[in-house]
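Asks: Below you will find the structure I want to go over with you.
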Amino acid sequence: MIFHHADVREVLKELSSDMANGLSEKQVSEKQEQYGANILKEPKKKNIVQQFLDQFKDVMILILIAAAVVSFMIACIEGKPKEFFEPVLILLIVIINAIMGVIQESKAEKALTSLKNLSAPRARVIRDGKEQIIDAAGLVPGDIIHLEAGDFVPADARLLHSTSLKSEESALTGESVPAEKDSDTIIDENAPLGDRCNMVFSGCTITYGTATAAVTATGMDTEIGKIADLLDNESNAPTPLQLKLARLGKYLGILALAACTVIFAVGISNGIPAMEIFITAVSLAVSAIPEGLPAIVTIILSIGVQRMVNKKAIIRRLPAVETLGSASIICSDKTGTLTQNRMTLVKTYLDGTNTLEDISSQNSENILKLLKFGTLCCDASVIFQNGKEQHIGDPTETAIVLAAQKNGISKEALNRLYPRLAELPFDSDRKLMTVVNHIDGEIFVIVKGAFDVMVSRCINGDLDTARQMNDAMSTQALRVLAIAYKKINNVPGEFSAEELENGLTFMGLVGMIDPPRPEARAAVSICRQAGIKPVMITGDHIVTASAIARELGILQDGDEAVTGSQLDTMTDTDLDSRVENISVYARVSPENKIRIVKAWQHKGQVVSMTGDGVNDAPALKAADIGCAMGITGTDVAKGAADMTLMDDNFATIVDAVMEGRGIYANIKKVTGFLLGTNIGEVVTVFTAMLLWHKSPFLSIQLLWINLVTDSLPAIALGMEPVEKDIMRQKPKPKNEGLFAHGSGLRIILQGFMFGALALLAFSLGQKVTGRTEGGQTMAFMVLAFSQIIQAYNMRSEHSLFKIGIFTNKSLNRAALVSIVMVLFVLFTPLSVLFGLVYLPVKLYLTGLLLIFVPVVVMEMSKAAGLMKHQQVI
């Protein structure tokens, strides 16, 4: 069937569906078998062989392999069995490194895949006559779905009923202006996609209005599915930090290659066999260049993001993790984020009276009429299943619906008795919602919304007393909505807000409480300790907002609270000069939010902004970190945000900032560890070649140290738990580099420390044993073990003994494996293959002392305050 060319009745018949009851579970099961899941075919992933081969794309690795192959060929020509060991071992170590690389990449990929599954879209569907929310992947043709502003369209669907519906379809049609939709239109069967105004399409977004629709196609059968292979797939672009590290790797590579060239030249001039010194030089380059650092950073970011999921924060873009550590301003919505979003209607005011009435199960007739009109002007619903309440829709509306339900007024019954004829959906610019209903033979326009917006549209009612009652409820931290109405003779064919929402009769007020979250006050206090300013931005009344902000500690003495209208009168210069003193913004528009973000950014601050509506998307994109609400947020807001809060909780933002700081700190630790140890290797070989014209390491010894220290300990160090005092440090400036606060100099000094230790070990070993192999064994042992010890030193800027030596269990396991790997080549017959010899006991004891020198040096520097960040005063 050509669905856009058929009327509603024919469409439902073809799909074997029913507008009121939807499909049965039996029908759903049958159709799922027939059509499969409602997902697009994913691009083919690299198999394990391709991943393995990718590990050999690095130029230095290829040169090393080539050198090993040449060495192997020379051994074949010369026919000396011993000469085979070195090239074979080199190739074996390179292969082990590649296998570890594949394992690490797979781990990172699995973590990101699980995140993608967590943020999968949902759909509001009717099945067996009951409304429910399901994963969009479970939709089948014939499902009846509800759509409203902010929703992603989960599948291609024929509209059954629509009200002022507009859909943004630029992904399919290229049209930048949202397309207007009409369920009643029958379209020509050959009409192009952009003209099918009675259809909505998967992957598009609803920008305005509401609709009920029947799913006509899912998965690869949708219009977007048909062109899926032509669409650009989302690429895993490197984060800014990874790009910086990749550039750093190139610079270090140039320096390492220059040093290796000198080493090769010195070696040749001193009679060292060309192949031996060439492989040693290339091995040093491979060991010295931190080519795996960007990949390790990806793993640390991925593991950190997974930890954030456990704290109810889903990161959609990896660069956001880096930015989180720099957040200095958190602009948060009030309702549901700082408060519990458990709206309960507690007070009402009826026009013509001068008192407030508490909500109960036996309210007066006049209050019941107010609740009836309020419920008719709601899209939300409350469902009772197995004795439990399930709230579907906006919490403000469910509070009204539930209050009516307590008084024996069912929303479903009201909708049957007084059918809705037309509606103007709520939007954040008008701050009103309007419905037109047929009530007892007359046509009523019912309007619900903010009192200060409503008051100018009413021509009847005691508005002065109503204003007093509104203020009285607001000072009690109640959220207040006004309800008004008017009668009309008929529903106009074309109606507008200007026409329907004027000349109203004021009916009354409803006040609902949304208590602050218990954890919000503590989270605000942590923000202030961390040098982060919390700011409340809300559409609520300024009195209500200020009362809750003061209770939570957001609004302090000397701080200002302003309204959106006051903000509109300020120039950008005025706002820039006052923004640091404003802690509460009330009755704001989406445009106001963007101005607030820009004003803080002009001050050089890193801004986090929360949002849930369609119109919040621009502000979420403008902010350095956009945070969408996972429960109340629209699909559009989630798509624009960098992070989604699964519990809509302010404390979760603070937790995410803490994790972001921890992840960035761990990346700094890993970078410092790898660069410091790698510089140490270059310093050792370069200095030894200049001083003694001999290498303190064979190529396979260098590669083994590289395998032992650059992989397992580095990744385990990146899994270090967040330090307890990290939220007592100032936010990291936006453009601060990894090597700020003297970190770069400390890394170089640490490199020279390792170089000095290895050179001393080489000199002692050679002197005591009288053999170069003895010096190399001593240098190998000291450098390998001291670098493993250094991983522990890098865990914190505090004393290792203060944080607990063995509290990072991942590092303990990694260090144990690394130690066993070093001991394996030192004290087994393999030592011969590695060019190692057994040493006198006194050298092992001396080596043990040298191995722990980094602990003494690092502890002294920590005690002297050389490794501390500036603390918040």
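Chain lettering (A, B, ...) mirrors the order of the structure tokens, residue numbering begins at 1 for each chain separately, and ligand numbering begins at 1 in order of display.
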Can you tell me, as a list of chain:residue names, what residues are no more than 8 Å from segment 690-695 of chain A when counting only C-alpha atoms, ignoring any on the same chain fewer than 4 positions away?
Replies: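 Listing them by chain and then by number gives A:Ile263, A:Val266, A:Gly267, A:Asn270, A:Ile272, A:Val685, A:Phe686.
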Asks: Residues as selected, N, CA, C and O atoms, written as a PDB file, in the first residue's frame, can you do that?
Replies:
ATOM      1  N   ILE A 263      73.656   7.907  17.892  1.00  0.00           N
ATOM      2  CA  ILE A 263      74.043   6.633  18.508  1.00  0.00           C
ATOM      3  C   ILE A 263      74.558   5.654  17.455  1.00  0.00           C
ATOM      4  O   ILE A 263      75.583   4.986  17.640  1.00  0.00           O
ATOM      5  N   VAL A 266      78.039   6.830  16.224  1.00  0.00           N
ATOM      6  CA  VAL A 266      79.064   6.568  17.236  1.00  0.00           C
ATOM      7  C   VAL A 266      79.371   5.072  17.296  1.00  0.00           C
ATOM      8  O   VAL A 266      80.530   4.651  17.391  1.00  0.00           O
ATOM      9  N   GLY A 267      78.315   4.252  17.236  1.00  0.00           N
ATOM     10  CA  GLY A 267      78.492   2.802  17.290  1.00  0.00           C
ATOM     11  C   GLY A 267      79.314   2.280  16.132  1.00  0.00           C
ATOM     12  O   GLY A 267      80.231   1.466  16.304  1.00  0.00           O
ATOM     13  N   ASN A 270      82.953   3.061  16.332  1.00  0.00           N
ATOM     14  CA  ASN A 270      83.664   2.343  17.386  1.00  0.00           C
ATOM     15  C   ASN A 270      83.650   0.828  17.180  1.00  0.00           C
ATOM     16  O   ASN A 270      83.854   0.058  18.119  1.00  0.00           O
ATOM     17  N   ILE A 272      81.244  -1.342  16.474  1.00  0.00           N
ATOM     18  CA  ILE A 272      80.096  -2.197  16.798  1.00  0.00           C
ATOM     19  C   ILE A 272      79.483  -2.659  15.481  1.00  0.00           C
ATOM     20  O   ILE A 272      79.295  -1.845  14.562  1.00  0.00           O
ATOM     21  N   VAL A 685      71.072   5.492  26.870  1.00  0.00           N
ATOM     22  CA  VAL A 685      71.804   4.975  25.705  1.00  0.00           C
ATOM     23  C   VAL A 685      72.661   6.073  25.069  1.00  0.00           C
ATOM     24  O   VAL A 685      73.840   5.842  24.730  1.00  0.00           O
ATOM     25  N   PHE A 686      72.097   7.268  24.933  1.00  0.00           N
ATOM     26  CA  PHE A 686      72.807   8.375  24.279  1.00  0.00           C
ATOM     27  C   PHE A 686      74.080   8.725  25.052  1.00  0.00           C
ATOM     28  O   PHE A 686      75.171   8.847  24.473  1.00  0.00           O
TER      29      PHE A 686
END
Asks: Taking 4 positions as the minimum chain separation for residues in the same chain, which residues sit within 9 Å of Ile667 of chain A when counting only C-alpha atoms? Answer as a ChimeraX atom specification.
Replies: /A:296-297,300-301,662-663,671-672,717-718,738
Asks: Using only C-alpha atoms, I'd like a table of the residues in segment 281-380 of chain A that come within 8 Å of segment 600-613 of chain A; for each, show the closest atom pair and its distance in Å rounded to one decimal, ordered by chain and ascending number, as a Markdown table.
Replies:
| residue | atom | partner | partner_atom | distance |
| --- | --- | --- | --- | --- |
| A:Thr323 | CA | A:Val606 | CA | 7.8 |
| A:Ser326 | CA | A:Val606 | CA | 6.3 |
| A:Ala327 | CA | A:Val606 | CA | 4.9 |
| A:Ser328 | CA | A:Val606 | CA | 5.3 |
| A:Ile329 | CA | A:Val607 | CA | 4.8 |
| A:Ile330 | CA | A:Ser608 | CA | 4.8 |
| A:Cys331 | CA | A:Met609 | CA | 4.8 |
| A:Ser332 | CA | A:Thr610 | CA | 5.3 |
| A:Asp333 | CA | A:Thr610 | CA | 6.1 |
Asks: Determine which residues of segment 540-740 of chain A receive a DSSP assignment of strand (DSSP E), computed from the backbone, and state them as a PyMOL selection string.
Replies: chain A and resi 560-563+582-586+607-611+625-629+643-645
Asks: Within 10 Å of Lys312 of chain A, counting only C-alpha atoms, which residues qualify if same-chain residues fewer than 6 places away don't, as a list in words?
Replies: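 Surrounding residues, per the criterion: Gln306, Gly630, Thr644, Leu645, Met646, Asp647, Asp648, Asn649, Thr652, Ile653, Asp655 and Ala656 of chain A.
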Asks: Which residues come within 9 Å of Glu397 of chain A, counting only C-alpha atoms, excluding same-chain residues fewer than 3 positions away, as an NGL selection string?
Replies: :A and (343 or 374-375 or 377-381 or 393-394 or 400-402)
Asks: Take the residues from that selection and put them in a file with C-alpha atoms, as a tab-separated table (two decimals), in the first residue's frame.
Replies:
chain	number	residue	atom	x	y	z
A	343	MET	CA	5.17	17.48	41.86
A	374	GLY	CA	-7.02	21.89	34.55
A	375	THR	CA	-7.06	18.15	33.73
A	377	CYS	CA	-5.82	21.06	29.56
A	378	CYS	CA	-3.18	18.36	30.20
A	379	ASP	CA	-1.53	15.85	27.86
A	380	ALA	CA	0.08	13.82	30.65
A	381	SER	CA	-1.54	10.79	32.24
A	393	GLY	CA	4.41	13.08	30.67
A	394	ASP	CA	5.23	16.40	32.29
A	400	ILE	CA	-2.99	18.07	38.35
A	401	VAL	CA	-4.25	14.79	36.86
A	402	LEU	CA	-3.50	12.90	40.11
Asks: From a DSSP pass on the backbone, collect the residues of segment 134-244 of chain A flagged as helix (DSSP H, G or I) and hand them back as a list of chain:residue names.
Replies: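 Result set for segment 134-244 of chain A (helix (DSSP H, G or I)): A:Ala136, A:Ala137, A:Gly138, A:Ser170, A:Ala171, A:Leu172, A:Thr173, A:Leu193, A:Gly194, A:Asp195, A:Gly219, A:Met220, A:Asp221, A:Glu223, A:Ile224, A:Gly225, A:Lys226, A:Ala228, A:Asp229, A:Leu230, A:Pro240, A:Leu241, A:Gln242, A:Leu243, A:Lys244.
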Asks: Could you take the residues named above and write them with N, CA, C and O atoms, as an mmCIF file, in the first residue's frame?
Replies:
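Done, and the output landed in again.cif:
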data_model
loop_
_atom_site.group_PDB
_atom_site.id
_atom_site.type_symbol
_atom_site.label_atom_id
_atom_site.label_comp_id
_atom_site.auth_asym_id
_atom_site.auth_seq_id
_atom_site.Cartn_x
_atom_site.Cartn_y
_atom_site.Cartn_z
ATOM 1 N N ALA A 136 12.782 2.069 21.093
ATOM 2 C CA ALA A 136 12.339 2.263 19.709
ATOM 3 C C ALA A 136 12.690 1.066 18.828
ATOM 4 O O ALA A 136 12.012 0.802 17.826
ATOM 5 N N ALA A 137 13.717 0.330 19.196
ATOM 6 C CA ALA A 137 14.121 -0.847 18.407
ATOM 7 C C ALA A 137 13.039 -1.911 18.379
ATOM 8 O O ALA A 137 13.013 -2.768 17.492
ATOM 9 N N GLY A 138 12.107 -1.872 19.355
ATOM 10 C CA GLY A 138 11.052 -2.881 19.438
ATOM 11 C C GLY A 138 9.801 -2.541 18.644
ATOM 12 O O GLY A 138 8.831 -3.317 18.644
ATOM 13 N N SER A 170 15.326 18.006 7.404
ATOM 14 C CA SER A 170 16.450 18.391 6.544
ATOM 15 C C SER A 170 17.363 17.211 6.217
ATOM 16 O O SER A 170 17.981 17.172 5.156
ATOM 17 N N ALA A 171 17.450 16.233 7.119
ATOM 18 C CA ALA A 171 18.306 15.060 6.872
ATOM 19 C C ALA A 171 17.852 14.283 5.644
ATOM 20 O O ALA A 171 18.659 13.636 4.979
ATOM 21 N N LEU A 172 16.538 14.362 5.345
ATOM 22 C CA LEU A 172 15.990 13.617 4.200
ATOM 23 C C LEU A 172 15.763 14.502 2.984
ATOM 24 O O LEU A 172 16.033 14.107 1.859
ATOM 25 N N THR A 173 15.226 15.700 3.224
ATOM 26 C CA THR A 173 14.789 16.533 2.102
ATOM 27 C C THR A 173 15.733 17.689 1.790
ATOM 28 O O THR A 173 15.660 18.278 0.715
ATOM 29 N N LEU A 193 9.062 13.035 -1.546
ATOM 30 C CA LEU A 193 9.137 12.867 -0.086
ATOM 31 C C LEU A 193 8.780 14.146 0.664
ATOM 32 O O LEU A 193 8.034 14.125 1.645
ATOM 33 N N GLY A 194 9.292 15.282 0.210
ATOM 34 C CA GLY A 194 9.082 16.545 0.905
ATOM 35 C C GLY A 194 7.643 17.020 0.895
ATOM 36 O O GLY A 194 7.279 17.907 1.683
ATOM 37 N N ASP A 195 6.803 16.455 0.005
ATOM 38 C CA ASP A 195 5.403 16.890 -0.093
ATOM 39 C C ASP A 195 4.442 15.959 0.653
ATOM 40 O O ASP A 195 3.235 16.201 0.665
ATOM 41 N N GLY A 219 13.302 0.026 10.582
ATOM 42 C CA GLY A 219 14.649 -0.401 10.220
ATOM 43 C C GLY A 219 15.091 0.031 8.838
ATOM 44 O O GLY A 219 14.917 1.189 8.441
ATOM 45 N N MET A 220 15.628 -0.893 8.082
ATOM 46 C CA MET A 220 16.160 -0.590 6.751
ATOM 47 C C MET A 220 15.062 -0.348 5.721
ATOM 48 O O MET A 220 15.349 0.064 4.592
ATOM 49 N N ASP A 221 13.791 -0.589 6.069
ATOM 50 C CA ASP A 221 12.677 -0.320 5.153
ATOM 51 C C ASP A 221 12.220 1.127 5.212
ATOM 52 O O ASP A 221 11.396 1.558 4.411
ATOM 53 N N GLU A 223 12.595 5.340 5.016
ATOM 54 C CA GLU A 223 13.212 6.183 3.990
ATOM 55 C C GLU A 223 14.686 6.430 4.308
ATOM 56 O O GLU A 223 15.528 6.433 3.422
ATOM 57 N N ILE A 224 14.984 6.642 5.594
ATOM 58 C CA ILE A 224 16.384 6.870 5.967
ATOM 59 C C ILE A 224 17.174 5.570 5.849
ATOM 60 O O ILE A 224 18.373 5.581 5.564
ATOM 61 N N GLY A 225 16.518 4.431 6.044
ATOM 62 C CA GLY A 225 17.173 3.132 5.891
ATOM 63 C C GLY A 225 17.580 2.885 4.457
ATOM 64 O O GLY A 225 18.632 2.278 4.195
ATOM 65 N N LYS A 226 16.744 3.356 3.523
ATOM 66 C CA LYS A 226 17.041 3.144 2.102
ATOM 67 C C LYS A 226 18.293 3.895 1.648
ATOM 68 O O LYS A 226 18.941 3.504 0.679
ATOM 69 N N ALA A 228 20.706 4.693 3.954
ATOM 70 C CA ALA A 228 21.658 4.571 5.078
ATOM 71 C C ALA A 228 23.085 4.364 4.596
ATOM 72 O O ALA A 228 24.029 4.896 5.182
ATOM 73 N N ASP A 229 23.254 3.603 3.527
ATOM 74 C CA ASP A 229 24.608 3.324 3.038
ATOM 75 C C ASP A 229 25.261 4.566 2.437
ATOM 76 O O ASP A 229 26.482 4.619 2.269
ATOM 77 N N LEU A 230 24.426 5.558 2.092
ATOM 78 C CA LEU A 230 24.967 6.778 1.503
ATOM 79 C C LEU A 230 25.296 7.821 2.561
ATOM 80 O O LEU A 230 25.969 8.808 2.279
ATOM 81 N N PRO A 240 40.543 16.446 21.236
ATOM 82 C CA PRO A 240 41.618 17.457 21.179
ATOM 83 C C PRO A 240 42.874 17.009 21.936
ATOM 84 O O PRO A 240 43.981 17.237 21.474
ATOM 85 N N LEU A 241 42.681 16.370 23.075
ATOM 86 C CA LEU A 241 43.813 15.911 23.867
ATOM 87 C C LEU A 241 44.609 14.844 23.114
ATOM 88 O O LEU A 241 45.841 14.852 23.113
ATOM 89 N N GLN A 242 43.886 13.926 22.464
ATOM 90 C CA GLN A 242 44.581 12.885 21.692
ATOM 91 C C GLN A 242 45.380 13.496 20.540
ATOM 92 O O GLN A 242 46.485 13.048 20.237
ATOM 93 N N LEU A 243 44.821 14.527 19.900
ATOM 94 C CA LEU A 243 45.528 15.192 18.812
ATOM 95 C C LEU A 243 46.802 15.857 19.327
ATOM 96 O O LEU A 243 47.858 15.800 18.690
ATOM 97 N N LYS A 244 46.685 16.510 20.506
ATOM 98 C CA LYS A 244 47.869 17.144 21.111
ATOM 99 C C LYS A 244 48.949 16.104 21.407
ATOM 100 O O LYS A 244 50.132 16.320 21.148
#
Asks: Identify, on the basis of only C-alpha atoms, every residue whose closest approach to segment 347-354 of chain A does not exceed 6 Å; exclude the query and any residue fewer than 3 positions from it along the same chain; express the result as a list of chain:residue names.
Replies: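 My list of contacting residues is A:Glu357, A:Asp358, A:Ile359, A:Met507, A:Gly508, A:Leu509, A:Val510, A:Gly511.
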Asks: Write out as a ChimeraX atom specification which residues come within 10 Å of segment 721-725 of chain A when counting only C-alpha atoms, dropping same-chain ones fewer than 3 positions away.
Replies: /A:304,529-530,658-663,665-666,717-718,728-729,795-798,803,807-808,871
Asks: So that I can see what lies close to Ala815 of chain A, please list as an NGL selection string the residues with an atom at most 12 Å from it, counting only C-alpha atoms and leaving out residues fewer than 6 positions away in the same chain.
Replies: :A and (708-717 or 784-792 or 806 or 808-809 or 821-822)
Asks: Please dump the current selection as a short mmCIF file (atom, residue, chain, number, x, y, z; two decimals), in the first residue's frame; keep N, CA, C and O atoms.
Replies:
data_model
loop_
_atom_site.label_atom_id
_atom_site.label_comp_id
_atom_site.auth_asym_id
_atom_site.auth_seq_id
_atom_site.Cartn_x
_atom_site.Cartn_y
_atom_site.Cartn_z
N VAL A 708 57.11 -4.28 29.14
CA VAL A 708 56.78 -4.44 30.55
C VAL A 708 56.23 -3.16 31.16
O VAL A 708 55.27 -3.19 31.93
N THR A 709 56.84 -2.00 30.82
CA THR A 709 56.48 -0.75 31.51
C THR A 709 55.49 0.13 30.75
O THR A 709 54.82 0.96 31.35
N ASP A 710 55.43 0.01 29.42
CA ASP A 710 54.58 0.92 28.64
C ASP A 710 53.14 0.44 28.50
O ASP A 710 52.29 1.19 28.05
N SER A 711 52.87 -0.78 28.84
CA SER A 711 51.53 -1.30 28.58
C SER A 711 50.72 -1.46 29.86
O SER A 711 49.92 -0.58 30.22
N LEU A 712 50.97 -2.55 30.57
CA LEU A 712 50.12 -2.88 31.72
C LEU A 712 50.14 -1.82 32.82
O LEU A 712 49.08 -1.34 33.23
N PRO A 713 51.32 -1.40 33.34
CA PRO A 713 51.30 -0.40 34.42
C PRO A 713 50.68 0.92 33.99
O PRO A 713 49.99 1.57 34.79
N ALA A 714 50.91 1.33 32.72
CA ALA A 714 50.37 2.62 32.25
C ALA A 714 48.85 2.60 32.26
O ALA A 714 48.20 3.55 32.73
N ILE A 715 48.26 1.54 31.73
CA ILE A 715 46.79 1.45 31.70
C ILE A 715 46.23 1.35 33.12
O ILE A 715 45.22 1.99 33.46
N ALA A 716 46.89 0.56 33.97
CA ALA A 716 46.43 0.41 35.37
C ALA A 716 46.52 1.73 36.11
O ALA A 716 45.65 2.06 36.93
N LEU A 717 47.56 2.52 35.81
CA LEU A 717 47.69 3.85 36.42
C LEU A 717 46.54 4.76 36.00
O LEU A 717 46.05 5.58 36.78
N ALA A 784 64.26 -1.48 34.49
CA ALA A 784 62.94 -2.13 34.40
C ALA A 784 62.19 -2.04 35.73
O ALA A 784 61.03 -1.62 35.78
N PHE A 785 62.84 -2.43 36.83
CA PHE A 785 62.16 -2.43 38.13
C PHE A 785 61.87 -1.01 38.63
O PHE A 785 60.83 -0.76 39.22
N SER A 786 62.81 -0.07 38.41
CA SER A 786 62.58 1.30 38.90
C SER A 786 61.42 1.96 38.15
O SER A 786 60.68 2.77 38.72
N GLN A 787 61.23 1.60 36.87
CA GLN A 787 60.10 2.16 36.13
C GLN A 787 58.78 1.59 36.63
O GLN A 787 57.76 2.29 36.66
N ILE A 788 58.78 0.31 37.02
CA ILE A 788 57.56 -0.27 37.61
C ILE A 788 57.25 0.44 38.93
O ILE A 788 56.09 0.78 39.20
N ILE A 789 58.29 0.70 39.73
CA ILE A 789 58.11 1.42 41.00
C ILE A 789 57.58 2.83 40.74
O ILE A 789 56.74 3.35 41.47
N GLN A 790 58.07 3.45 39.64
CA GLN A 790 57.65 4.82 39.32
C GLN A 790 56.16 4.92 39.06
O GLN A 790 55.54 5.96 39.32
N ALA A 791 55.56 3.85 38.55
CA ALA A 791 54.10 3.85 38.33
C ALA A 791 53.38 4.12 39.65
O ALA A 791 52.37 4.84 39.68
N TYR A 792 53.88 3.58 40.74
CA TYR A 792 53.29 3.84 42.06
C TYR A 792 53.53 5.28 42.50
O TYR A 792 52.64 5.93 43.06
N PHE A 806 49.22 0.08 48.29
CA PHE A 806 48.63 -0.96 47.44
C PHE A 806 47.10 -0.80 47.28
O PHE A 806 46.38 -1.77 47.15
N ASN A 808 45.51 0.73 44.79
CA ASN A 808 45.09 0.57 43.39
C ASN A 808 45.30 -0.88 42.99
O ASN A 808 46.40 -1.30 42.62
N LYS A 809 44.25 -1.68 43.08
CA LYS A 809 44.36 -3.12 42.84
C LYS A 809 44.74 -3.44 41.40
O LYS A 809 45.45 -4.41 41.13
N MET A 821 57.54 -10.92 34.60
CA MET A 821 58.11 -10.92 33.24
C MET A 821 59.60 -10.56 33.27
O MET A 821 60.40 -11.12 32.52
N VAL A 822 59.97 -9.61 34.14
CA VAL A 822 61.39 -9.23 34.25
C VAL A 822 62.19 -10.36 34.90
O VAL A 822 63.27 -10.72 34.42
#
Asks: What is the distance, in Å and to one decimal place, between atom CA of Asn502 of chain A and atom CA of Phe373 of chain A?
Replies: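 Interatomic distance, atom CA of Asn502 of chain A to atom CA of Phe373 of chain A: 17.2 Å.
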Asks: Report, in Å to a single decimal, how far apart atom CA of Leu424 of chain A and atom CA of Ala497 of chain A are.
Replies: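 The value is 7.1 Å.
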Asks: Using only C-alpha atoms, which of the listed residues (A:Met753, A:Met73, A:Ile277, A:Ile61) sits closest to Ala98 of chain A?
Replies: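 Using only C-alpha atoms, Ala98 of chain A sits closest to A:Ile61.
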